[in-house]
$ cat coords05.cif   # mmCIF, C-alpha atoms; chains and numbers go by the auth columns
data_protein
#
loop_
_atom_site.group_PDB
_atom_site.id
_atom_site.type_symbol
_atom_site.label_atom_id
_atom_site.label_comp_id
_atom_site.label_asym_id
_atom_site.label_seq_id
_atom_site.Cartn_x
_atom_site.Cartn_y
_atom_site.Cartn_z
_atom_site.B_iso_or_equiv
_atom_site.auth_seq_id
_atom_site.auth_asym_id
ATOM 1 C CA MET A 1 -53.176 -3.591 -63.995 0.00 14 A
ATOM 2 C CA SER A 2 -51.904 -1.699 -60.982 0.00 15 A
ATOM 3 C CA ASP A 3 -51.705 2.095 -61.038 0.00 16 A
ATOM 4 C CA TRP A 4 -47.923 1.898 -60.586 0.00 17 A
ATOM 5 C CA ILE A 5 -47.439 -0.423 -63.586 0.00 18 A
ATOM 6 C CA GLU A 6 -49.714 1.807 -65.647 0.00 19 A
ATOM 7 C CA SER A 7 -47.570 4.820 -64.681 0.00 20 A
ATOM 8 C CA GLN A 8 -44.452 2.913 -65.791 0.00 21 A
ATOM 9 C CA LEU A 9 -46.099 1.976 -69.087 0.00 22 A
ATOM 10 C CA ASN A 10 -47.008 5.642 -69.660 0.00 23 A
ATOM 11 C CA ALA A 11 -43.489 6.784 -68.717 0.00 24 A
ATOM 12 C CA PHE A 12 -41.961 4.472 -71.337 0.00 25 A
ATOM 13 C CA GLN A 13 -44.509 5.490 -73.984 0.00 26 A
ATOM 14 C CA SER A 14 -43.898 9.182 -73.293 0.00 27 A
ATOM 15 C CA LEU A 15 -40.371 8.748 -74.710 0.00 28 A
ATOM 16 C CA ARG A 16 -41.778 8.604 -78.259 0.00 29 A
ATOM 17 C CA ASP A 17 -40.421 11.501 -80.373 0.00 30 A
ATOM 18 C CA SER A 18 -37.739 12.223 -77.750 0.00 31 A
ATOM 19 C CA SER A 19 -34.089 12.671 -78.586 0.00 32 A
ATOM 20 C CA LEU A 20 -31.827 10.085 -76.956 0.00 33 A
ATOM 21 C CA ASP A 21 -28.187 11.156 -77.040 0.00 34 A
ATOM 22 C CA GLU A 22 -26.350 8.860 -74.605 0.00 35 A
ATOM 23 C CA TRP A 23 -26.565 5.457 -72.956 0.00 36 A
ATOM 24 C CA GLN A 24 -24.552 4.569 -69.853 0.00 37 A
ATOM 25 C CA VAL A 25 -24.852 1.109 -68.351 0.00 38 A
ATOM 26 C CA VAL A 26 -23.949 -1.026 -65.390 0.00 39 A
ATOM 27 C CA GLU A 27 -23.075 -4.204 -67.232 0.00 40 A
ATOM 28 C CA MET A 28 -23.272 -7.616 -65.575 0.00 41 A
ATOM 29 C CA ALA A 29 -20.876 -10.426 -66.474 0.00 42 A
ATOM 30 C CA LEU A 30 -22.357 -13.674 -67.761 0.00 43 A
ATOM 31 C CA ASN A 31 -20.442 -15.661 -65.134 0.00 44 A
ATOM 32 C CA GLU A 32 -18.857 -15.359 -61.718 0.00 45 A
ATOM 33 C CA ALA A 33 -15.091 -15.784 -61.542 0.00 46 A
ATOM 34 C CA ALA A 34 -12.179 -15.690 -59.131 0.00 47 A
ATOM 35 C CA THR A 35 -10.191 -13.222 -61.240 0.00 48 A
ATOM 36 C CA PRO A 36 -11.215 -10.282 -63.429 0.00 49 A
ATOM 37 C CA GLU A 37 -9.589 -11.978 -66.439 0.00 50 A
ATOM 38 C CA ALA A 38 -11.923 -14.981 -66.098 0.00 51 A
ATOM 39 C CA LEU A 39 -15.114 -12.914 -66.258 0.00 52 A
ATOM 40 C CA VAL A 40 -17.129 -13.455 -69.439 0.00 53 A
ATOM 41 C CA TRP A 41 -18.821 -10.290 -70.688 0.00 54 A
ATOM 42 C CA TYR A 42 -19.832 -11.572 -74.156 0.00 55 A
ATOM 43 C CA ASP A 43 -20.455 -14.989 -75.622 0.00 56 A
ATOM 44 C CA SER A 44 -21.568 -15.689 -79.175 0.00 57 A
ATOM 45 C CA SER A 45 -24.275 -18.033 -77.829 0.00 58 A
ATOM 46 C CA VAL A 46 -25.941 -15.188 -75.895 0.00 59 A
ATOM 47 C CA PRO A 47 -27.771 -12.897 -78.334 0.00 60 A
ATOM 48 C CA MET A 48 -28.025 -9.973 -75.908 0.00 61 A
ATOM 49 C CA LEU A 49 -26.168 -7.692 -73.553 0.00 62 A
ATOM 50 C CA GLN A 50 -26.899 -8.255 -69.828 0.00 63 A
ATOM 51 C CA LEU A 51 -27.217 -5.155 -67.652 0.00 64 A
ATOM 52 C CA LEU A 52 -28.071 -4.336 -64.070 0.00 65 A
ATOM 53 C CA THR A 53 -29.188 -0.822 -65.043 0.00 66 A
ATOM 54 C CA LEU A 54 -29.290 1.535 -68.030 0.00 67 A
ATOM 55 C CA PHE A 55 -29.041 5.283 -67.770 0.00 68 A
ATOM 56 C CA VAL A 56 -30.399 7.115 -70.809 0.00 69 A
ATOM 57 C CA HIS A 57 -29.992 10.797 -71.532 0.00 70 A
ATOM 58 C CA VAL A 58 -33.246 11.823 -73.211 0.00 71 A
ATOM 59 C CA ASP A 59 -34.258 15.412 -74.006 0.00 72 A
ATOM 60 C CA SER A 60 -31.606 16.795 -71.616 0.00 73 A
ATOM 61 C CA GLN A 61 -32.731 14.601 -68.707 0.00 74 A
ATOM 62 C CA TRP A 62 -31.346 11.362 -67.276 0.00 75 A
ATOM 63 C CA LYS A 63 -33.633 8.373 -66.776 0.00 76 A
ATOM 64 C CA ARG A 64 -32.824 5.055 -65.124 0.00 77 A
ATOM 65 C CA ILE A 65 -34.173 1.850 -66.655 0.00 78 A
ATOM 66 C CA SER A 66 -34.019 -1.181 -64.400 0.00 79 A
ATOM 67 C CA THR A 67 -36.324 -3.924 -63.118 0.00 80 A
ATOM 68 C CA TYR A 68 -38.943 -4.249 -60.408 0.00 81 A
ATOM 69 C CA GLN A 69 -40.044 -7.411 -58.622 0.00 82 A
ATOM 70 C CA ASP A 70 -43.603 -8.724 -58.610 0.00 83 A
ATOM 71 C CA ASP A 71 -43.625 -11.880 -56.463 0.00 84 A
ATOM 72 C CA ASP A 72 -41.726 -14.511 -58.458 0.00 85 A
ATOM 73 C CA GLU A 73 -41.116 -12.474 -61.617 0.00 86 A
ATOM 74 C CA PHE A 74 -39.659 -9.145 -62.655 0.00 87 A
ATOM 75 C CA GLY A 75 -40.606 -6.394 -65.095 0.00 88 A
ATOM 76 C CA LEU A 76 -38.992 -3.280 -66.567 0.00 89 A
ATOM 77 C CA SER A 77 -39.226 0.118 -64.883 0.00 90 A
ATOM 78 C CA ILE A 78 -38.144 3.663 -65.716 0.00 91 A
ATOM 79 C CA ASP A 79 -37.546 6.595 -63.401 0.00 92 A
ATOM 80 C CA PRO A 80 -36.275 10.140 -63.952 0.00 93 A
ATOM 81 C CA ILE A 81 -33.140 10.963 -62.008 0.00 94 A
ATOM 82 C CA VAL A 82 -31.430 14.307 -61.424 0.00 95 A
ATOM 83 C CA ALA A 83 -27.982 13.026 -62.403 0.00 96 A
ATOM 84 C CA ILE A 84 -25.971 9.859 -62.689 0.00 97 A
ATOM 85 C CA PRO A 85 -24.679 8.869 -59.224 0.00 98 A
ATOM 86 C CA GLU A 86 -21.267 10.406 -58.473 0.00 99 A
ATOM 87 C CA ASP A 87 -19.735 7.123 -57.335 0.00 100 A
ATOM 88 C CA SER A 88 -20.925 5.324 -60.451 0.00 101 A
ATOM 89 C CA ARG A 89 -17.452 4.565 -61.756 0.00 102 A
ATOM 90 C CA ARG A 90 -16.458 2.669 -58.595 0.00 103 A
ATOM 91 C CA TRP A 91 -18.224 -0.606 -59.326 0.00 104 A
ATOM 92 C CA PRO A 92 -15.262 -2.938 -58.705 0.00 105 A
ATOM 93 C CA ASP A 93 -15.388 -4.386 -55.214 0.00 106 A
ATOM 94 C CA GLN A 94 -13.841 -2.083 -52.599 0.00 107 A
ATOM 95 C CA ASN A 95 -11.708 -4.964 -51.221 0.00 108 A
ATOM 96 C CA GLY A 96 -9.969 -5.659 -54.520 0.00 109 A
ATOM 97 C CA GLU A 97 -12.174 -8.647 -55.373 0.00 110 A
ATOM 98 C CA PRO A 98 -13.346 -8.947 -58.967 0.00 111 A
ATOM 99 C CA SER A 99 -16.805 -7.557 -59.534 0.00 112 A
ATOM 100 C CA ILE A 100 -19.348 -9.006 -61.932 0.00 113 A
ATOM 101 C CA PHE A 101 -20.474 -5.410 -62.596 0.00 114 A
ATOM 102 C CA ARG A 102 -18.815 -2.647 -64.579 0.00 115 A
ATOM 103 C CA TRP A 103 -19.948 0.851 -65.460 0.00 116 A
ATOM 104 C CA ARG A 104 -19.398 2.156 -68.975 0.00 117 A
ATOM 105 C CA VAL A 105 -20.718 4.351 -71.750 0.00 118 A
ATOM 106 C CA ALA A 106 -22.517 2.057 -74.219 0.00 119 A
ATOM 107 C CA ASP A 107 -21.392 3.552 -77.531 0.00 120 A
ATOM 108 C CA GLU A 108 -22.618 0.443 -79.350 0.00 121 A
ATOM 109 C CA LEU A 109 -26.257 1.436 -78.721 0.00 122 A
ATOM 110 C CA PRO A 110 -27.879 3.761 -81.280 0.00 123 A
ATOM 111 C CA THR A 111 -28.679 7.370 -80.458 0.00 124 A
ATOM 112 C CA GLY A 112 -31.095 9.794 -82.096 0.00 125 A
ATOM 113 C CA GLN A 113 -34.837 10.422 -82.360 0.00 126 A
ATOM 114 C CA LEU A 114 -37.089 7.765 -80.804 0.00 127 A
ATOM 115 C CA SER A 115 -39.666 7.333 -83.545 0.00 128 A
ATOM 116 C CA HIS A 116 -41.286 4.232 -82.101 0.00 129 A
ATOM 117 C CA VAL A 117 -41.911 3.007 -78.544 0.00 130 A
ATOM 118 C CA VAL A 118 -43.830 -0.202 -77.874 0.00 131 A
ATOM 119 C CA VAL A 119 -44.346 -1.627 -74.383 0.00 132 A
ATOM 120 C CA LYS A 120 -45.291 -5.301 -74.139 0.00 133 A
ATOM 121 C CA GLN A 121 -46.774 -6.836 -71.022 0.00 134 A
ATOM 122 C CA ASN A 122 -46.978 -10.498 -70.090 0.00 135 A
ATOM 123 C CA GLU A 123 -50.170 -12.320 -69.086 0.00 136 A
ATOM 124 C CA ARG A 124 -49.832 -11.051 -65.491 0.00 137 A
ATOM 125 C CA GLY A 125 -49.568 -7.450 -66.680 0.00 138 A
ATOM 126 C CA ASN A 126 -45.875 -6.983 -65.897 0.00 139 A
ATOM 127 C CA ILE A 127 -43.744 -5.027 -68.379 0.00 140 A
ATOM 128 C CA ALA A 128 -41.796 -7.739 -70.180 0.00 141 A
ATOM 129 C CA THR A 129 -40.315 -5.879 -73.149 0.00 142 A
ATOM 130 C CA VAL A 130 -39.868 -2.331 -74.386 0.00 143 A
ATOM 131 C CA GLU A 131 -38.968 -1.625 -78.007 0.00 144 A
ATOM 132 C CA PHE A 132 -37.434 1.622 -79.247 0.00 145 A
ATOM 133 C CA ARG A 133 -36.812 2.507 -82.866 0.00 146 A
ATOM 134 C CA ILE A 134 -34.049 4.980 -83.666 0.00 147 A
ATOM 135 C CA GLN A 135 -33.764 5.555 -87.413 0.00 148 A
ATOM 136 C CA ASP A 136 -33.779 2.029 -88.872 0.00 149 A
ATOM 137 C CA ARG A 137 -32.471 0.319 -85.706 0.00 150 A
ATOM 138 C CA LEU A 138 -34.725 -1.597 -83.298 0.00 151 A
ATOM 139 C CA ILE A 139 -33.576 -1.657 -79.658 0.00 152 A
ATOM 140 C CA GLN A 140 -35.324 -4.237 -77.505 0.00 153 A
ATOM 141 C CA LEU A 141 -35.095 -4.233 -73.706 0.00 154 A
ATOM 142 C CA SER A 142 -36.369 -7.278 -71.812 0.00 155 A
ATOM 143 C CA ALA A 143 -36.514 -8.284 -68.176 0.00 156 A
ATOM 144 C CA GLY A 144 -34.402 -11.431 -67.901 0.00 157 A
ATOM 145 C CA GLU A 145 -31.169 -13.021 -66.777 0.00 158 A
ATOM 146 C CA VAL A 146 -28.370 -15.095 -68.269 0.00 159 A
ATOM 147 C CA TYR A 147 -27.420 -18.181 -66.251 0.00 160 A
ATOM 148 C CA GLU A 148 -24.167 -20.097 -66.577 0.00 161 A
ATOM 149 C CA ASN A 149 -24.412 -23.886 -66.676 0.00 162 A
ATOM 150 C CA ASN A 150 -21.853 -26.305 -65.210 0.00 163 A
ATOM 151 C CA ASN A 151 -20.476 -26.972 -68.713 0.00 164 A
ATOM 152 C CA ASN A 152 -19.774 -23.234 -69.319 0.00 165 A
ATOM 153 C CA THR A 153 -22.786 -22.787 -71.601 0.00 166 A
ATOM 154 C CA PHE A 154 -25.481 -20.215 -70.936 0.00 167 A
ATOM 155 C CA ASP A 155 -29.274 -20.161 -70.681 0.00 168 A
ATOM 156 C CA VAL A 156 -31.450 -17.069 -70.956 0.00 169 A
ATOM 157 C CA MET A 157 -34.481 -16.797 -68.666 0.00 170 A
ATOM 158 C CA PHE A 158 -37.037 -14.048 -69.174 0.00 171 A
ATOM 159 C CA MET A 159 -39.006 -12.099 -66.543 0.00 172 A
ATOM 160 C CA ASP A 160 -35.926 -12.170 -64.287 0.00 173 A
ATOM 161 C CA GLU A 161 -33.995 -9.423 -62.517 0.00 174 A
ATOM 162 C CA SER A 162 -31.583 -8.035 -65.144 0.00 175 A
ATOM 163 C CA VAL A 163 -32.153 -5.926 -68.241 0.00 176 A
ATOM 164 C CA LEU A 164 -31.326 -7.722 -71.491 0.00 177 A
ATOM 165 C CA VAL A 165 -30.627 -5.592 -74.572 0.00 178 A
ATOM 166 C CA GLN A 166 -30.748 -6.500 -78.243 0.00 179 A
ATOM 167 C CA VAL A 167 -30.297 -4.323 -81.299 0.00 180 A
ATOM 168 C CA ASP A 168 -31.924 -5.615 -84.455 0.00 181 A
ATOM 169 C CA GLY A 169 -32.516 -9.008 -82.817 0.00 182 A
ATOM 170 C CA ARG A 170 -28.949 -9.680 -81.680 0.00 183 A
ATOM 171 C CA SER A 171 -26.338 -8.605 -79.176 0.00 184 A
ATOM 172 C CA PRO A 172 -25.155 -5.050 -79.819 0.00 185 A
ATOM 173 C CA ILE A 173 -21.599 -6.216 -79.141 0.00 186 A
ATOM 174 C CA ALA A 174 -19.800 -7.707 -82.118 0.00 187 A
ATOM 175 C CA GLY A 175 -17.761 -10.581 -80.854 0.00 188 A
#
$ encode --input "coords05.cif" --output "structure tokens"
Amino acid sequence: MSDWIESQLNAFQSLRDSSLDEWQVVEMALNEAATPEALVWYDSSVPMLQLLTLFVHVDSQWKRISTYQDDDEFGLSIDPIVAIPEDSRRWPDQNGEPSIFRWRVADELPTGQLSHVVVKQNERGNIATVEFRIQDRLIQLSAGEVYENNNNTFDVMFMDESVLVQVDGRSPIAG
């Protein structure tokens, strides 16, 4: 295991017993579309929320959870940040084109004391999954991506470049 991956593993594990009071996310649509109305943000066949980045407010500090690339696969990473970027709310394309990204507060994700943090690595040592427990809720973050098929169905691939989120084994968005 590289020193950098070990530092990431330790950074995730150090969140145990912390107080998480807010989640903000850059959400990624499940498809690409010509109009904002045609973007698909949730589908009952996709048991997770797809994100570009999560920002978590933990013990009065912001941290960014995203992915890193290791050759042909990705893993999860976490970094402290001073503040959420000022231009964060301007994710729609500057030219008026629809964007597959949107910034929002993720009120559907649980907040409270992190009583449990488990980091799981794949056979190559990359951080594949991080599990948090807040009260009786299990939040699972995984490196992955949702791909749209030609017939408008979706496939989930793991160890890819987005952050996939489940709460209690399903999408945190009721749909």
$ residues_around --input "coords05.cif" --residues "range 124-127 of chain A" --least-positions-apart "2" --cutoff "9 Å" --atoms "only C-alpha atoms" --output "short mmCIF file (atom, residue, chain, number, x, y, z; two decimals) with C-alpha atoms, keeping the file's coordinate frame"
data_model
loop_
_atom_site.label_atom_id
_atom_site.label_comp_id
_atom_site.auth_asym_id
_atom_site.auth_seq_id
_atom_site.Cartn_x
_atom_site.Cartn_y
_atom_site.Cartn_z
CA LEU A 28 -40.37 8.75 -74.71
CA ARG A 29 -41.78 8.60 -78.26
CA ASP A 30 -40.42 11.50 -80.37
CA SER A 31 -37.74 12.22 -77.75
CA SER A 32 -34.09 12.67 -78.59
CA LEU A 33 -31.83 10.09 -76.96
CA ASP A 34 -28.19 11.16 -77.04
CA GLU A 35 -26.35 8.86 -74.60
CA TRP A 36 -26.56 5.46 -72.96
CA ASP A 120 -21.39 3.55 -77.53
CA LEU A 122 -26.26 1.44 -78.72
CA HIS A 129 -41.29 4.23 -82.10
CA VAL A 130 -41.91 3.01 -78.54
CA PHE A 145 -37.43 1.62 -79.25
CA ARG A 146 -36.81 2.51 -82.87
CA ILE A 147 -34.05 4.98 -83.67
CA GLN A 148 -33.76 5.56 -87.41
#
$ resolve_selection --input "coords05.cif" --expression "the PyMOL selection byres ((chain A and resi 152) around 6)" --output "list in words"
Glu144, Phe145, Leu151, Gln153, Gln179 and Val180 of chain A
$ write_last_selection --input "coords05.cif" --atoms "C-alpha atoms" --output "short mmCIF file (atom, residue, chain, number, x, y, z; two decimals), in the frame of the given file"
data_model
loop_
_atom_site.label_atom_id
_atom_site.label_comp_id
_atom_site.auth_asym_id
_atom_site.auth_seq_id
_atom_site.Cartn_x
_atom_site.Cartn_y
_atom_site.Cartn_z
CA GLU A 144 -38.97 -1.62 -78.01
CA PHE A 145 -37.43 1.62 -79.25
CA LEU A 151 -34.72 -1.60 -83.30
CA GLN A 153 -35.32 -4.24 -77.50
CA GLN A 179 -30.75 -6.50 -78.24
CA VAL A 180 -30.30 -4.32 -81.30
#
$ closest_atom_pairs --input "coords05.cif" --of "range 134-171 of chain A" --to "range 37-44 of chain A" --cutoff "7 Å" --atoms "only C-alpha atoms" --output "Markdown table"
| residue | atom | partner | partner_atom | distance |
| --- | --- | --- | --- | --- |
| A:Val159 | CA | A:Leu43 | CA | 6.2 |
| A:Tyr160 | CA | A:Leu43 | CA | 6.9 |
| A:Glu161 | CA | A:Asn44 | CA | 6.0 |
$ atom_distance --input "coords05.cif" --atom1 "CA of Ile91 in chain A" --atom2 "CA of Phe25 in chain A"
6.8 Å
$ atom_distance --input "coords05.cif" --atom1 "CA of Glu45 in chain A" --atom2 "CA of Leu154 in chain A"
23.0 Å
$ residues_around --input "coords05.cif" --residues "Gly157 in chain A" --least-positions-apart "2" --cutoff "8 Å" --atoms "only C-alpha atoms" --output "PyMOL selection string"
chain A and resi 87+155+159+169-177
$ closest_residue --input "coords05.cif" --among "A:Thr166, A:Trp75, A:Glu158, A:Val178" --to "Ser57 in chain A" --atoms "all atoms listed in the file"
A:Thr166
$ resolve_selection --input "coords05.cif" --expression "the PyMOL selection byres ((chain A and resi 142) around 9)" --output "mmCIF file with C-alpha atoms, keeping the file's coordinate frame"
data_model
loop_
_atom_site.group_PDB
_atom_site.id
_atom_site.type_symbol
_atom_site.label_atom_id
_atom_site.label_comp_id
_atom_site.auth_asym_id
_atom_site.auth_seq_id
_atom_site.Cartn_x
_atom_site.Cartn_y
_atom_site.Cartn_z
ATOM 1 C CA GLY A 88 -40.606 -6.394 -65.095
ATOM 2 C CA LEU A 89 -38.992 -3.280 -66.567
ATOM 3 C CA VAL A 131 -43.830 -0.202 -77.874
ATOM 4 C CA VAL A 132 -44.346 -1.627 -74.383
ATOM 5 C CA LYS A 133 -45.291 -5.301 -74.139
ATOM 6 C CA GLN A 134 -46.774 -6.836 -71.022
ATOM 7 C CA ASN A 135 -46.978 -10.498 -70.090
ATOM 8 C CA ILE A 140 -43.744 -5.027 -68.379
ATOM 9 C CA ALA A 141 -41.796 -7.739 -70.180
ATOM 10 C CA VAL A 143 -39.868 -2.331 -74.386
ATOM 11 C CA GLU A 144 -38.968 -1.625 -78.007
ATOM 12 C CA GLN A 153 -35.324 -4.237 -77.505
ATOM 13 C CA LEU A 154 -35.095 -4.233 -73.706
ATOM 14 C CA SER A 155 -36.369 -7.278 -71.812
ATOM 15 C CA ALA A 156 -36.514 -8.284 -68.176
#
$ atom_distance --input "coords05.cif" --atom1 "CA of Arg183 in chain A" --atom2 "CA of Val59 in chain A"
8.5 Å
$ closest_residue --input "coords05.cif" --among "A:Asp92, A:Asp149, A:Asp56, A:Glu86" --to "Leu22 in chain A" --atoms "all atoms listed in the file"
A:Asp92
$ closest_residue --input "coords05.cif" --among "A:Ala51, A:Ile186, A:Ala119, A:Ile94" --to "Ser73 in chain A" --atoms "all atoms listed in the file"
A:Ile94
$ axis_aligned_box --input "coords05.cif" --around "range 21-32 of chain A" --padding-each-side "5 Å" --output "JSON"
{"center_x": -40.5, "center_y": 7.3, "center_z": -73.1, "size_x": 22.9, "size_y": 20.7, "size_z": 24.6}
$ resolve_selection --input "coords05.cif" --expression "the PyMOL selection byres ((chain A and resi 74) around 9)" --output "number ranges by chain"
A: 69-73, 75-76, 93-96
